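Novice: Structure file entry.txt, compact mmCIF, C-alpha atoms, is pasted below:
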```txt
# COMPACT_ATOMS: atom_id res chain seq x y z
CA MET A 10 -64.55 7.91 35.58
CA THR A 11 -65.48 11.16 33.93
CA ARG A 12 -64.60 11.69 30.34
CA ALA A 13 -62.20 14.48 31.19
CA THR A 14 -60.28 12.26 33.59
CA THR A 15 -60.08 9.42 31.12
CA ARG A 16 -58.88 11.59 28.29
CA GLY A 17 -56.50 13.45 30.56
CA GLN A 18 -54.99 10.21 31.80
CA ALA A 19 -54.75 8.81 28.32
CA LEU A 20 -52.98 11.87 27.00
CA ARG A 21 -50.59 12.04 29.93
CA ALA A 22 -49.70 8.39 29.54
CA ALA A 23 -49.33 8.79 25.80
CA ALA A 24 -47.25 11.93 26.14
CA ALA A 25 -44.95 10.13 28.56
CA GLY A 26 -44.58 7.33 26.04
CA GLY A 27 -43.88 9.79 23.26
CA ALA A 28 -41.31 11.67 25.29
CA ALA A 29 -39.52 8.43 26.08
CA VAL A 30 -38.77 7.84 22.43
CA GLY A 31 -36.61 10.71 21.35
CA VAL A 32 -34.96 10.09 18.03
CA ALA A 33 -31.57 9.57 19.63
CA ALA A 34 -32.82 6.85 21.94
CA TRP A 35 -34.84 5.30 19.18
CA LEU A 36 -31.81 4.89 16.98
CA ARG A 37 -29.52 3.70 19.74
CA PRO A 38 -30.33 0.06 20.36
CA GLN A 39 -28.49 -2.46 22.49
CA PRO A 40 -24.82 -2.69 21.69
CA SER A 41 -24.56 -5.32 19.02
CA ALA A 42 -22.89 -8.55 20.03
CA GLY A 43 -20.81 -8.26 16.88
CA LYS A 44 -21.29 -8.57 13.19
CA GLU A 45 -24.17 -10.89 12.44
CA SER A 46 -23.29 -14.47 11.53
CA ALA A 47 -24.80 -17.95 11.43
CA ALA A 48 -22.88 -18.81 14.61
CA GLN A 49 -24.31 -15.79 16.38
CA ASP A 50 -27.81 -16.71 15.18
CA VAL A 51 -27.40 -20.07 16.95
CA LYS A 52 -26.50 -18.39 20.24
CA ILE A 53 -29.36 -15.91 19.98
CA PHE A 54 -31.97 -18.50 19.04
CA ASN A 55 -30.84 -20.75 21.89
CA PHE A 56 -31.48 -17.85 24.27
CA LEU A 57 -34.88 -17.16 22.69
CA LEU A 58 -35.66 -20.89 22.85
CA VAL A 59 -35.28 -20.77 26.65
CA LEU A 60 -37.89 -18.00 26.77
CA GLU A 61 -40.27 -19.83 24.44
CA LEU A 62 -39.88 -23.05 26.45
CA ALA A 63 -40.55 -21.11 29.65
CA GLN A 64 -43.73 -19.63 28.23
CA ALA A 65 -44.97 -22.94 26.85
CA ALA A 66 -44.33 -24.64 30.23
CA PHE A 67 -46.01 -21.80 32.10
CA TYR A 68 -49.24 -21.97 30.08
CA ASP A 69 -49.24 -25.78 30.22
CA ALA A 70 -48.93 -25.62 34.02
CA ALA A 71 -51.75 -23.05 34.20
CA LEU A 72 -54.06 -25.16 32.05
CA ARG A 73 -53.22 -28.32 34.08
CA GLY A 74 -53.69 -26.51 37.39
CA GLY A 75 -57.29 -25.57 36.70
CA ALA A 76 -57.21 -22.19 38.48
CA LEU A 77 -58.31 -20.24 35.40
CA GLN A 78 -61.79 -19.36 34.19
CA GLY A 79 -63.47 -17.09 31.68
CA ASP A 80 -61.30 -14.67 29.71
CA LEU A 81 -58.07 -15.82 31.37
CA LEU A 82 -58.79 -19.43 30.49
CA THR A 83 -59.57 -18.45 26.88
CA TYR A 84 -56.34 -16.47 26.76
CA ALA A 85 -54.24 -19.39 28.07
CA ARG A 86 -55.91 -21.85 25.70
CA VAL A 87 -55.18 -19.66 22.67
CA VAL A 88 -51.66 -18.66 23.67
CA ALA A 89 -50.30 -22.04 24.88
CA PRO A 90 -50.29 -23.74 21.46
CA GLN A 91 -48.79 -20.60 19.89
CA GLU A 92 -45.84 -20.75 22.29
CA HIS A 93 -45.42 -24.45 21.47
CA ASP A 94 -45.36 -23.52 17.77
CA HIS A 95 -42.58 -21.03 18.51
CA VAL A 96 -40.62 -23.71 20.39
CA ARG A 97 -41.03 -26.14 17.50
CA PHE A 98 -40.03 -23.53 14.94
CA ILE A 99 -36.85 -22.49 16.77
CA ARG A 100 -35.91 -26.11 17.54
CA GLU A 101 -36.25 -26.98 13.86
CA LYS A 102 -34.11 -23.99 12.96
CA LEU A 103 -31.42 -24.98 15.42
CA GLY A 104 -31.54 -28.71 14.72
CA ALA A 105 -28.74 -30.52 16.53
CA GLN A 106 -27.46 -27.19 17.84
CA ALA A 107 -30.47 -26.70 20.10
CA GLY A 108 -29.47 -26.51 23.75
CA PRO A 109 -30.84 -28.67 26.58
CA PRO A 110 -34.19 -27.62 28.08
CA PRO A 111 -33.93 -25.33 31.12
CA LYS A 112 -35.22 -26.26 34.59
CA LEU A 113 -38.45 -24.38 35.15
CA ASP A 114 -40.91 -23.94 38.01
CA PHE A 115 -44.34 -22.35 37.59
CA ARG A 116 -46.26 -24.00 40.45
CA GLN A 117 -46.53 -20.75 42.44
CA ALA A 118 -47.08 -18.58 39.39
CA THR A 119 -50.11 -20.57 38.23
CA SER A 120 -51.73 -21.16 41.63
CA ASP A 121 -54.39 -18.44 41.27
CA PRO A 122 -55.67 -16.06 38.56
CA LYS A 123 -53.93 -13.00 39.97
CA ARG A 124 -50.52 -14.65 40.12
CA PHE A 125 -51.11 -16.10 36.68
CA SER A 126 -51.83 -12.66 35.16
CA ALA A 127 -48.79 -11.10 36.80
CA ALA A 128 -46.48 -13.91 35.68
CA ALA A 129 -47.95 -13.93 32.15
CA ILE A 130 -47.26 -10.19 31.85
CA ASP A 131 -43.70 -10.72 33.16
CA LEU A 132 -42.99 -13.50 30.69
CA GLU A 133 -44.59 -11.91 27.64
CA GLU A 134 -42.96 -8.54 28.27
CA ALA A 135 -39.56 -10.10 28.94
CA THR A 136 -39.78 -12.18 25.78
CA ALA A 137 -40.87 -9.28 23.57
CA ALA A 138 -38.10 -7.06 24.95
CA ALA A 139 -35.55 -9.85 24.44
CA TYR A 140 -36.48 -10.20 20.77
CA ILE A 141 -36.28 -6.41 20.35
CA GLY A 142 -32.84 -6.48 21.97
CA GLN A 143 -31.52 -9.26 19.75
CA GLY A 144 -33.35 -8.56 16.50
CA ALA A 145 -30.70 -6.41 14.88
CA ASN A 146 -27.94 -8.89 15.78
CA LEU A 147 -29.46 -11.60 13.61
CA THR A 148 -28.72 -12.36 9.96
CA ARG A 149 -31.30 -11.03 7.51
CA ASP A 150 -33.47 -14.15 7.11
CA ALA A 151 -33.43 -14.68 10.86
CA VAL A 152 -34.57 -11.06 11.35
CA GLY A 153 -37.66 -11.98 9.35
CA ASP A 154 -38.33 -15.03 11.55
CA ALA A 155 -37.87 -13.02 14.74
CA ALA A 156 -40.21 -10.28 13.45
CA ARG A 157 -42.99 -12.79 12.74
CA ILE A 158 -42.68 -14.22 16.25
CA VAL A 159 -42.16 -11.05 18.29
CA ALA A 160 -45.31 -9.49 16.83
CA VAL A 161 -47.28 -12.39 18.31
CA GLU A 162 -45.51 -12.06 21.68
CA ALA A 163 -46.45 -8.37 21.74
CA ARG A 164 -50.05 -9.27 20.94
CA HIS A 165 -50.03 -11.67 23.91
CA ALA A 166 -48.54 -8.96 26.15
CA ALA A 167 -51.21 -6.44 25.16
CA TRP A 168 -54.00 -8.99 25.51
CA ILE A 169 -53.07 -10.14 29.02
CA ARG A 170 -52.44 -6.54 30.11
CA ASP A 171 -55.90 -5.56 28.90
CA LEU A 172 -57.43 -8.49 30.82
CA ALA A 173 -55.47 -7.49 33.94
CA GLY A 174 -56.65 -3.88 33.68
CA GLU A 175 -53.23 -2.56 32.69
CA ASP A 176 -52.40 -0.31 29.76
CA PRO A 177 -51.91 -2.68 26.78
CA ALA A 178 -49.55 -0.32 24.94
CA PRO A 179 -47.71 1.78 27.52
CA ARG A 180 -45.18 3.36 25.14
CA ALA A 181 -45.04 4.68 21.57
CA ALA A 182 -42.03 2.42 20.96
CA ASP A 183 -40.99 -0.61 23.02
CA PRO A 184 -37.48 -0.60 24.49
CA PRO A 185 -35.06 -3.53 24.16
CA ARG A 186 -33.60 -5.59 27.01
CA THR A 187 -30.36 -7.53 27.17
CA ALA A 188 -30.28 -11.30 27.47
CA ASP A 189 -28.52 -11.06 30.86
CA ASP A 190 -31.18 -8.72 32.20
CA VAL A 191 -34.05 -10.95 31.05
CA LEU A 192 -32.51 -14.18 32.37
CA ALA A 193 -31.69 -12.54 35.71
CA GLU A 194 -35.34 -11.53 36.12
CA LEU A 195 -36.62 -15.03 35.38
CA ARG A 196 -34.17 -16.49 37.92
CA GLN A 197 -34.98 -13.89 40.53
CA LYS A 198 -38.69 -14.61 40.19
CA GLY A 199 -38.03 -18.31 40.60
CA TYR A 200 -39.30 -19.32 37.13
CA LEU A 201 -35.88 -20.40 35.93
CA ARG A 202 -33.85 -22.67 38.20
CA MET B 6 -41.04 14.89 -7.59
CA THR B 7 -41.89 16.32 -10.97
CA GLY B 8 -42.77 14.74 -14.25
CA GLU B 9 -43.70 11.52 -12.54
CA PRO B 10 -45.36 8.89 -14.63
CA THR B 11 -48.96 7.97 -14.05
CA LEU B 12 -49.42 4.33 -13.23
CA ARG B 13 -52.55 2.32 -13.24
CA LEU B 14 -53.05 0.29 -10.12
CA GLN B 15 -53.02 -2.91 -12.17
CA ASP B 16 -49.47 -2.08 -13.22
CA VAL B 17 -48.29 -2.66 -9.68
CA ASP B 18 -50.88 -5.30 -8.90
CA ARG B 19 -49.03 -8.58 -9.22
CA ASP B 20 -51.46 -10.67 -7.25
CA GLU B 21 -54.89 -10.09 -5.88
CA ALA B 22 -54.43 -11.40 -2.37
CA LEU B 23 -55.27 -8.06 -0.83
CA LEU B 24 -58.52 -7.56 -2.65
CA GLU B 25 -60.03 -9.64 0.11
CA ALA B 26 -59.01 -7.04 2.69
CA VAL B 27 -60.36 -4.32 0.47
CA ALA B 28 -63.61 -6.16 -0.02
CA GLU B 29 -63.97 -6.16 3.76
CA LEU B 30 -63.56 -2.42 3.86
CA HIS B 31 -65.52 -1.30 0.84
CA GLY B 32 -67.10 -4.19 -0.99
CA ASP B 33 -66.25 -6.00 -4.21
CA THR B 34 -67.48 -3.44 -6.69
CA ARG B 35 -65.21 -0.80 -5.26
CA ALA B 36 -62.26 -3.20 -5.40
CA ASP B 37 -63.06 -3.98 -9.03
CA PHE B 38 -63.25 -0.33 -9.83
CA LEU B 39 -60.00 0.46 -8.08
CA ARG B 40 -58.11 -2.28 -9.85
CA THR B 41 -58.22 -0.27 -13.03
CA ALA B 42 -58.26 3.17 -11.43
CA VAL B 43 -55.52 5.55 -12.38
CA ILE B 44 -53.29 6.58 -9.52
CA GLY B 45 -50.55 9.13 -9.30
CA SER B 46 -47.14 7.74 -8.63
CA GLY B 47 -43.75 8.76 -7.49
CA VAL B 48 -40.34 7.20 -7.36
CA LEU B 49 -41.53 4.70 -4.80
CA LEU B 50 -44.39 3.37 -6.86
CA ALA B 51 -42.14 3.21 -9.89
CA ALA B 52 -39.78 1.08 -7.84
CA LEU B 53 -42.65 -1.09 -6.71
CA ALA B 54 -43.75 -1.65 -10.27
CA ALA B 55 -40.31 -3.04 -11.10
CA PRO B 56 -39.85 -6.81 -11.11
CA PRO B 57 -39.25 -8.48 -7.72
CA ALA B 58 -35.48 -8.77 -8.28
CA ALA B 59 -35.21 -5.00 -8.60
CA SER B 60 -37.55 -4.29 -5.71
CA ALA B 61 -35.12 -6.17 -3.45
CA ALA B 62 -32.96 -3.07 -3.73
CA VAL B 63 -35.53 -0.73 -2.14
CA SER B 64 -33.51 1.72 -0.07
CA ASP B 65 -33.94 2.52 3.60
CA THR B 66 -35.10 5.99 2.60
CA GLN B 67 -37.79 4.56 0.35
CA ILE B 68 -38.95 2.28 3.15
CA LEU B 69 -39.01 5.16 5.63
CA THR B 70 -40.78 7.41 3.14
CA PHE B 71 -43.53 4.88 2.74
CA GLY B 72 -43.54 4.29 6.50
CA LEU B 73 -44.03 8.00 7.06
CA ARG B 74 -46.88 8.13 4.58
CA PHE B 75 -48.53 5.23 6.32
CA GLU B 76 -48.00 6.60 9.85
CA ARG B 77 -49.38 9.96 8.69
CA LEU B 78 -52.42 8.17 7.36
CA GLN B 79 -52.95 6.47 10.71
CA ALA B 80 -52.27 9.59 12.80
CA SER B 81 -54.72 11.60 10.69
CA PHE B 82 -57.29 8.85 10.96
CA TYR B 83 -57.30 8.96 14.78
CA THR B 84 -57.10 12.74 14.91
CA GLU B 85 -60.01 13.02 12.49
CA ALA B 86 -62.12 10.56 14.52
CA ASP B 87 -61.47 12.68 17.59
CA ARG B 88 -62.16 15.96 15.80
CA VAL B 89 -65.52 14.86 14.43
CA GLY B 90 -66.56 13.73 17.90
CA THR B 91 -66.65 9.97 17.32
CA VAL B 92 -64.03 9.29 20.00
CA GLY B 93 -65.78 11.54 22.51
CA LYS B 94 -69.00 9.56 22.16
CA MET B 95 -67.41 6.19 22.89
CA ASP B 96 -67.33 4.56 26.34
CA PRO B 97 -64.33 5.44 28.57
CA ARG B 98 -62.43 2.23 27.81
CA LYS B 99 -62.68 2.74 24.06
CA GLN B 100 -62.00 6.44 24.37
CA ARG B 101 -58.75 5.78 26.16
CA TRP B 102 -57.78 3.23 23.56
CA ALA B 103 -58.43 5.61 20.64
CA GLU B 104 -56.60 8.48 22.36
CA VAL B 105 -53.51 6.42 23.15
CA LEU B 106 -53.29 4.91 19.67
CA GLY B 107 -53.66 8.36 18.12
CA GLU B 108 -50.92 9.79 20.30
CA HIS B 109 -48.60 6.87 19.49
CA GLU B 110 -49.12 7.23 15.75
CA ARG B 111 -48.46 10.97 15.96
CA ALA B 112 -45.25 10.18 17.88
CA HIS B 113 -44.24 7.75 15.11
CA VAL B 114 -44.79 10.46 12.51
CA ARG B 115 -42.55 12.85 14.45
CA ILE B 116 -39.83 10.22 14.81
CA ILE B 117 -39.74 9.18 11.16
CA LYS B 118 -39.94 12.82 10.01
CA LYS B 119 -36.91 13.66 12.09
CA ILE B 120 -34.94 10.74 10.73
CA LEU B 121 -35.80 11.61 7.13
CA GLY B 122 -35.15 15.31 7.68
CA ARG B 123 -35.56 17.24 4.44
CA LYS B 124 -36.36 14.04 2.58
CA ALA B 125 -39.59 13.75 4.58
CA GLY B 126 -41.75 15.42 1.97
CA LYS B 127 -45.14 17.00 2.34
CA ARG B 128 -48.03 15.44 4.16
CA PRO B 129 -50.60 14.09 1.71
CA PHE B 130 -54.25 15.02 1.93
CA PHE B 131 -56.53 12.49 3.47
CA ASP B 132 -60.17 11.76 2.89
CA PHE B 133 -61.63 9.03 5.06
CA HIS B 134 -64.98 8.99 3.26
CA GLY B 135 -66.96 9.20 6.48
CA VAL B 136 -65.33 6.09 8.00
CA THR B 137 -64.24 8.09 11.06
CA GLU B 138 -67.78 9.31 11.67
CA SER B 139 -69.35 6.24 13.24
CA GLU B 140 -67.96 4.17 16.07
CA ASP B 141 -68.60 0.94 14.22
CA SER B 142 -66.81 1.83 10.99
CA PHE B 143 -64.03 3.60 12.90
CA THR B 144 -63.26 0.63 15.14
CA ARG B 145 -63.51 -1.94 12.36
CA THR B 146 -61.23 0.06 10.10
CA THR B 147 -58.81 0.51 12.99
CA VAL B 148 -58.53 -3.25 13.47
CA ALA B 149 -57.80 -3.69 9.75
CA MET B 150 -55.32 -0.82 9.71
CA GLU B 151 -53.38 -1.93 12.80
CA ASP B 152 -53.17 -5.53 11.55
CA LEU B 153 -51.95 -4.17 8.22
CA THR B 154 -49.27 -2.11 9.98
CA VAL B 155 -48.01 -5.18 11.82
CA ALA B 156 -47.78 -7.05 8.51
CA LEU B 157 -45.99 -4.10 6.87
CA LEU B 158 -43.41 -3.81 9.65
CA ALA B 159 -42.89 -7.59 9.77
CA GLY B 160 -42.26 -7.35 6.02
CA VAL B 161 -39.90 -4.37 5.90
CA THR B 162 -37.89 -4.96 9.09
CA PRO B 163 -35.70 -7.66 7.48
CA ARG B 164 -35.26 -5.47 4.39
CA VAL B 165 -33.66 -2.38 5.89
CA HIS B 166 -29.89 -2.06 5.58
CA ASP B 167 -29.00 0.14 8.53
CA ARG B 168 -28.89 -2.12 11.58
CA ARG B 169 -29.82 0.73 13.92
CA LEU B 170 -32.98 1.06 11.92
CA THR B 171 -33.62 -2.70 12.17
CA ALA B 172 -33.39 -2.45 15.95
CA ALA B 173 -35.68 0.58 16.03
CA LEU B 174 -38.26 -1.06 13.77
CA PHE B 175 -38.54 -4.02 16.17
CA GLY B 176 -39.65 -1.60 18.89
CA LEU B 177 -42.24 -0.09 16.56
CA LEU B 178 -43.42 -3.50 15.35
CA THR B 179 -44.21 -4.63 18.88
CA THR B 180 -46.06 -1.39 19.62
CA GLU B 181 -48.18 -1.77 16.50
CA ALA B 182 -48.83 -5.41 17.41
CA ARG B 183 -50.04 -4.22 20.83
CA HIS B 184 -52.34 -1.74 19.09
CA ALA B 185 -53.71 -4.50 16.87
CA ALA B 186 -54.29 -6.86 19.80
CA TRP B 187 -55.89 -4.09 21.86
CA ALA B 188 -58.16 -3.09 18.98
CA ARG B 189 -59.18 -6.70 18.47
CA ASN B 190 -59.97 -7.15 22.15
CA ILE B 191 -62.06 -3.97 22.02
CA VAL B 192 -64.24 -5.45 19.27
CA ASN B 193 -64.32 -8.92 20.92
CA SER B 194 -62.15 -10.49 18.26
CA THR B 195 -59.26 -12.84 19.20
CA PRO B 196 -56.18 -10.62 19.68
CA ALA B 197 -53.68 -13.23 18.49
CA VAL B 198 -55.11 -15.43 15.78
CA ARG B 199 -51.98 -17.10 14.44
CA SER B 200 -48.72 -18.32 15.92
CA PHE B 201 -46.78 -16.19 13.43
CA ASP B 202 -47.72 -12.79 12.04
CA GLU B 203 -47.41 -13.02 8.28
CA PRO B 204 -45.36 -10.28 6.63
CA ARG B 205 -46.61 -8.25 3.69
CA SER B 206 -44.42 -6.51 1.20
CA LEU B 207 -44.34 -2.78 0.75
CA SER B 208 -46.05 -3.14 -2.62
CA ASP B 209 -48.84 -5.22 -1.09
CA VAL B 210 -49.52 -2.65 1.60
CA SER B 211 -49.14 0.23 -0.82
CA ARG B 212 -51.81 -1.36 -2.95
CA THR B 213 -54.20 -1.82 -0.06
CA VAL B 214 -53.76 1.80 0.96
CA ALA B 215 -54.44 2.87 -2.62
CA HIS B 216 -57.58 0.74 -2.62
CA THR B 217 -59.00 2.56 0.38
CA HIS B 218 -58.67 5.93 -1.39
CA PHE B 219 -57.90 7.44 2.01
CA ILE B 220 -55.02 9.34 0.46
CA ALA B 221 -56.65 11.99 -1.68
CA ALA B 222 -55.22 13.76 -4.71
CA ALA B 223 -56.48 17.13 -3.50
CA PRO B 224 -57.74 18.60 -0.23
CA LYS B 225 -61.33 17.84 0.58
CA MET B 226 -63.47 20.94 0.96
CA THR B 227 -66.63 20.76 2.97
CA ARG B 228 -69.36 23.24 3.66
CA LYS B 229 -68.60 23.25 7.37
CA ARG B 230 -64.96 24.22 7.03
CA ARG B 231 -63.08 25.85 4.26
CA LYS B 232 -59.78 24.21 4.82
CA PRO B 233 -58.82 20.56 4.92
CA GLY B 234 -58.54 18.93 8.31
CA PHE B 235 -55.19 17.38 8.91
CA THR B 236 -52.44 16.67 11.37
CA GLY B 237 -48.94 15.35 11.43
```
What is this file in structure tokens?
Specialist:
Amino acid sequence: MTRATTRGQALRAAAAGGAAVGVAAWLRPQPSAGKESAAQDVKIFNFLLVLELAQAAFYDAALRGGALQGDLLTYARVVAPQEHDHVRFIREKLGAQAGPPPKLDFRQATSDPKRFSAAAIDLEEATAAAYIGQGANLTRDAVGDAARIVAVEARHAAWIRDLAGEDPAPRAADPPRTADDVLAELRQKGYLR
Amino acid sequence: MTGEPTLRLQDVDRDEALLEAVAELHGDTRADFLRTAVIGSGVLLAALAAPPAASAAVSDTQILTFGLRFERLQASFYTEADRVGTVGKMDPRKQRWAEVLGEHERAHVRIIKKILGRKAGKRPFFDFHGVTESEDSFTRTTVAMEDLTVALLAGVTPRVHDRRLTAALFGLLTTEARHAAWARNIVNSTPAVRSFDEPRSLSDVSRTVAHTHFIAAAPKMTRKRRKPGFTG
């Protein structure tokens, strides 16, 4: 790649990202599920728990399967325990109100390095977007907890994208996604049964 | 802001946790010197110097004002590295990284400026003390700065009052976390070190920024150019 091409591409990509975050869009998040409350926190964290459990199970399956080497293996080894920490943290927060574990299937997704990378990007992006979508619906203390976790999910997303040769930070501001949208994707891809 | 009081850094320095970060950037002696250095202050710093109970009442505007100052610092940092040719000399992968981060930070400046409107205030003068002039110091400082931004946003996001702003800050937090992870991968450092990103308060981050002396009291004149280089 020539320098001109690289810079040109970078600027075009960046400009597209910048254009996508007009002030109006930036200040118009997902419609709130209602005024924040402890009861709403429980619902939201149960949804986020499903995503954290899915990620933890995915990385466990990948590490058990033995299809990974090099940078991808390092990535999975670092990220897996972090997802388990998130699961533990949310479960402790929810206590007896934690929902039952979902039925998950990552056999296909972890069968080779390419599939692993694609699925890891799917899961990390979906999880980050889900936190962004729900963040403002949480009570203040819970916002702090979500912020500490989502930053790590975004780091994972950027890391695996970089390893897969994709742009680690495709936009100047990340858009939110609804819970329905995220869960539908995981079902459609066969991760969530 | 007129008639603002002059504060010494130690007046707002309640703990020394961040001196470690400063030591990484500039060395202990500089940190020692800065601890007692006199810094100009405005309403924000006055608020930061107040006891913790009072600082809980920091307004959204104060948070955004500091956010703008910080984003301007970052945007100028990348623009300056490009202008002095450091970015152009890097390999294509790093070049792309520096260009994209610069463009994102400039977009953040535009966004926050628009939200603040007339309250946005003037852009400060920056002096990066040559840090943007070598690839090594530029990339290392970038890692520190992006990690610091993540900590700042993790700290202020739960503190804003307007829920639309909370939602928006989540989308910025994840972008800055991507920058930090990308920067770390560029310098072969683990992109995600901990399971939880630890938040830092506005006063913490404000102090670290003051320590770097990147925000100058007056424009820097050089022999090569007669006006200060800036953006944002």
Novice: Quick one: everything within 9 Å of Thr119 (chain A), counting only C-alpha atoms, minus sequence neighbours fewer than 6 positions away in the same chain. Send it as a list in words.
Specialist: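 Those residues are Phe67, Tyr68, Ala70, Ala71, Leu72, Gly74, Gly75, Ala76, Leu77, Phe125, Ser126 and Ala128 of chain A.
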Novice: Which protein, DNA or RNA residues have an atom at most 12 Å from (-22.1, -10.1, 13.0), counting all atoms listed in the file? List them as a list in words.
Specialist: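 Residues lying no farther than 12 Å from the given point: Pro40, Ser41, Ala42, Gly43, Lys44, Glu45, Ser46, Ala47, Ala48, Gln49, Asp50, Val51, Lys52, Ile53, Gln143, Gly144, Ala145, Asn146, Leu147, Thr148 and Arg149 of chain A; Arg168 of chain B.
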Novice: Could you list, as a list in words, every residue within 8 Å of region 131-135 of chain A, counting all atoms listed in the file and ignoring same-chain residues fewer than 6 positions away?
Specialist: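 Once the nearby chain positions are removed, what remains is Leu60, Gln64, Glu162, Ala163, His165, Ala166, Arg186 and Val191 of chain A.
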Novice: Find the distance between CA of Glu110 (chain B) and CA of Asp190 (chain A) and write it in Å to one decimal.
Specialist: 29.1 Å
Novice: List the neighbours of Thr66 (chain B) out to 12 Å using all atoms listed in the file; skip same-chain residues closer than 2 positions along the sequence, and give me the result as a VMD selection string.
Specialist: chain B and resid 48 to 49 62 to 64 68 to 73 117 to 118 120 to 126 161 164 to 167 170
Novice: Once you count all atoms listed in the file, which residues of chain B turn out to be within 8 Å of chain A? Could you give them as a ChimeraX atom specification?
Specialist: /B:93,97,100-102,104-105,108-110,112-113,116,119-120,155,159-160,162-164,168-173,175-180,182-187,190,196-197,199-204
Novice: Let me see the file: selected residues, C-alpha atoms, as a PDB file, in the coordinates of the input.
Specialist:
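Contents of again-v7.pdb, as written:
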```
ATOM      1  CA  GLY B  93     -65.780  11.540  22.510  1.00  0.00           C
ATOM      2  CA  PRO B  97     -64.330   5.440  28.570  1.00  0.00           C
ATOM      3  CA  GLN B 100     -62.000   6.440  24.370  1.00  0.00           C
ATOM      4  CA  ARG B 101     -58.750   5.780  26.160  1.00  0.00           C
ATOM      5  CA  TRP B 102     -57.780   3.230  23.560  1.00  0.00           C
ATOM      6  CA  GLU B 104     -56.600   8.480  22.360  1.00  0.00           C
ATOM      7  CA  VAL B 105     -53.510   6.420  23.150  1.00  0.00           C
ATOM      8  CA  GLU B 108     -50.920   9.790  20.300  1.00  0.00           C
ATOM      9  CA  HIS B 109     -48.600   6.870  19.490  1.00  0.00           C
ATOM     10  CA  GLU B 110     -49.120   7.230  15.750  1.00  0.00           C
ATOM     11  CA  ALA B 112     -45.250  10.180  17.880  1.00  0.00           C
ATOM     12  CA  HIS B 113     -44.240   7.750  15.110  1.00  0.00           C
ATOM     13  CA  ILE B 116     -39.830  10.220  14.810  1.00  0.00           C
ATOM     14  CA  LYS B 119     -36.910  13.660  12.090  1.00  0.00           C
ATOM     15  CA  ILE B 120     -34.940  10.740  10.730  1.00  0.00           C
ATOM     16  CA  VAL B 155     -48.010  -5.180  11.820  1.00  0.00           C
ATOM     17  CA  ALA B 159     -42.890  -7.590   9.770  1.00  0.00           C
ATOM     18  CA  GLY B 160     -42.260  -7.350   6.020  1.00  0.00           C
ATOM     19  CA  THR B 162     -37.890  -4.960   9.090  1.00  0.00           C
ATOM     20  CA  PRO B 163     -35.700  -7.660   7.480  1.00  0.00           C
ATOM     21  CA  ARG B 164     -35.260  -5.470   4.390  1.00  0.00           C
ATOM     22  CA  ARG B 168     -28.890  -2.120  11.580  1.00  0.00           C
ATOM     23  CA  ARG B 169     -29.820   0.730  13.920  1.00  0.00           C
ATOM     24  CA  LEU B 170     -32.980   1.060  11.920  1.00  0.00           C
ATOM     25  CA  THR B 171     -33.620  -2.700  12.170  1.00  0.00           C
ATOM     26  CA  ALA B 172     -33.390  -2.450  15.950  1.00  0.00           C
ATOM     27  CA  ALA B 173     -35.680   0.580  16.030  1.00  0.00           C
ATOM     28  CA  PHE B 175     -38.540  -4.020  16.170  1.00  0.00           C
ATOM     29  CA  GLY B 176     -39.650  -1.600  18.890  1.00  0.00           C
ATOM     30  CA  LEU B 177     -42.240  -0.090  16.560  1.00  0.00           C
ATOM     31  CA  LEU B 178     -43.420  -3.500  15.350  1.00  0.00           C
ATOM     32  CA  THR B 179     -44.210  -4.630  18.880  1.00  0.00           C
ATOM     33  CA  THR B 180     -46.060  -1.390  19.620  1.00  0.00           C
ATOM     34  CA  ALA B 182     -48.830  -5.410  17.410  1.00  0.00           C
ATOM     35  CA  ARG B 183     -50.040  -4.220  20.830  1.00  0.00           C
ATOM     36  CA  HIS B 184     -52.340  -1.740  19.090  1.00  0.00           C
ATOM     37  CA  ALA B 185     -53.710  -4.500  16.870  1.00  0.00           C
ATOM     38  CA  ALA B 186     -54.290  -6.860  19.800  1.00  0.00           C
ATOM     39  CA  TRP B 187     -55.890  -4.090  21.860  1.00  0.00           C
ATOM     40  CA  ASN B 190     -59.970  -7.150  22.150  1.00  0.00           C
ATOM     41  CA  PRO B 196     -56.180 -10.620  19.680  1.00  0.00           C
ATOM     42  CA  ALA B 197     -53.680 -13.230  18.490  1.00  0.00           C
ATOM     43  CA  ARG B 199     -51.980 -17.100  14.440  1.00  0.00           C
ATOM     44  CA  SER B 200     -48.720 -18.320  15.920  1.00  0.00           C
ATOM     45  CA  PHE B 201     -46.780 -16.190  13.430  1.00  0.00           C
ATOM     46  CA  ASP B 202     -47.720 -12.790  12.040  1.00  0.00           C
ATOM     47  CA  GLU B 203     -47.410 -13.020   8.280  1.00  0.00           C
ATOM     48  CA  PRO B 204     -45.360 -10.280   6.630  1.00  0.00           C
TER      49      PRO B 204
END
```
Novice: Any idea what the distance is between CA of Phe115 (chain A) and CA of Gln78 (chain A)?
Specialist: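 If I compute the distance from CA of Phe115 (chain A) to CA of Gln78 (chain A), I get 18.0 Å.
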Novice: Which one is closest to Lys123 (chain A): A:Val59, A:Gln197, A:Pro109, A:Ala173? Count only C-alpha atoms.
Specialist: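 Ranking A:Val59, A:Gln197, A:Pro109, A:Ala173 by distance to Lys123 (chain A), first place goes to A:Ala173.
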Novice: Tell me which of A:Asp80, A:Phe56, A:Glu175, A:Leu103 sits closest to Ile130 (chain A), counting only C-alpha atoms.
Specialist: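 Looking only at the distances to Ile130 (chain A), the closest residue turns out to be A:Glu175.
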Novice: What is the CA of Ile220 (chain B) to CA of Phe131 (chain B) distance in Å?
Specialist: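 Pair CA of Ile220 (chain B) / CA of Phe131 (chain B) returns 4.6 Å.
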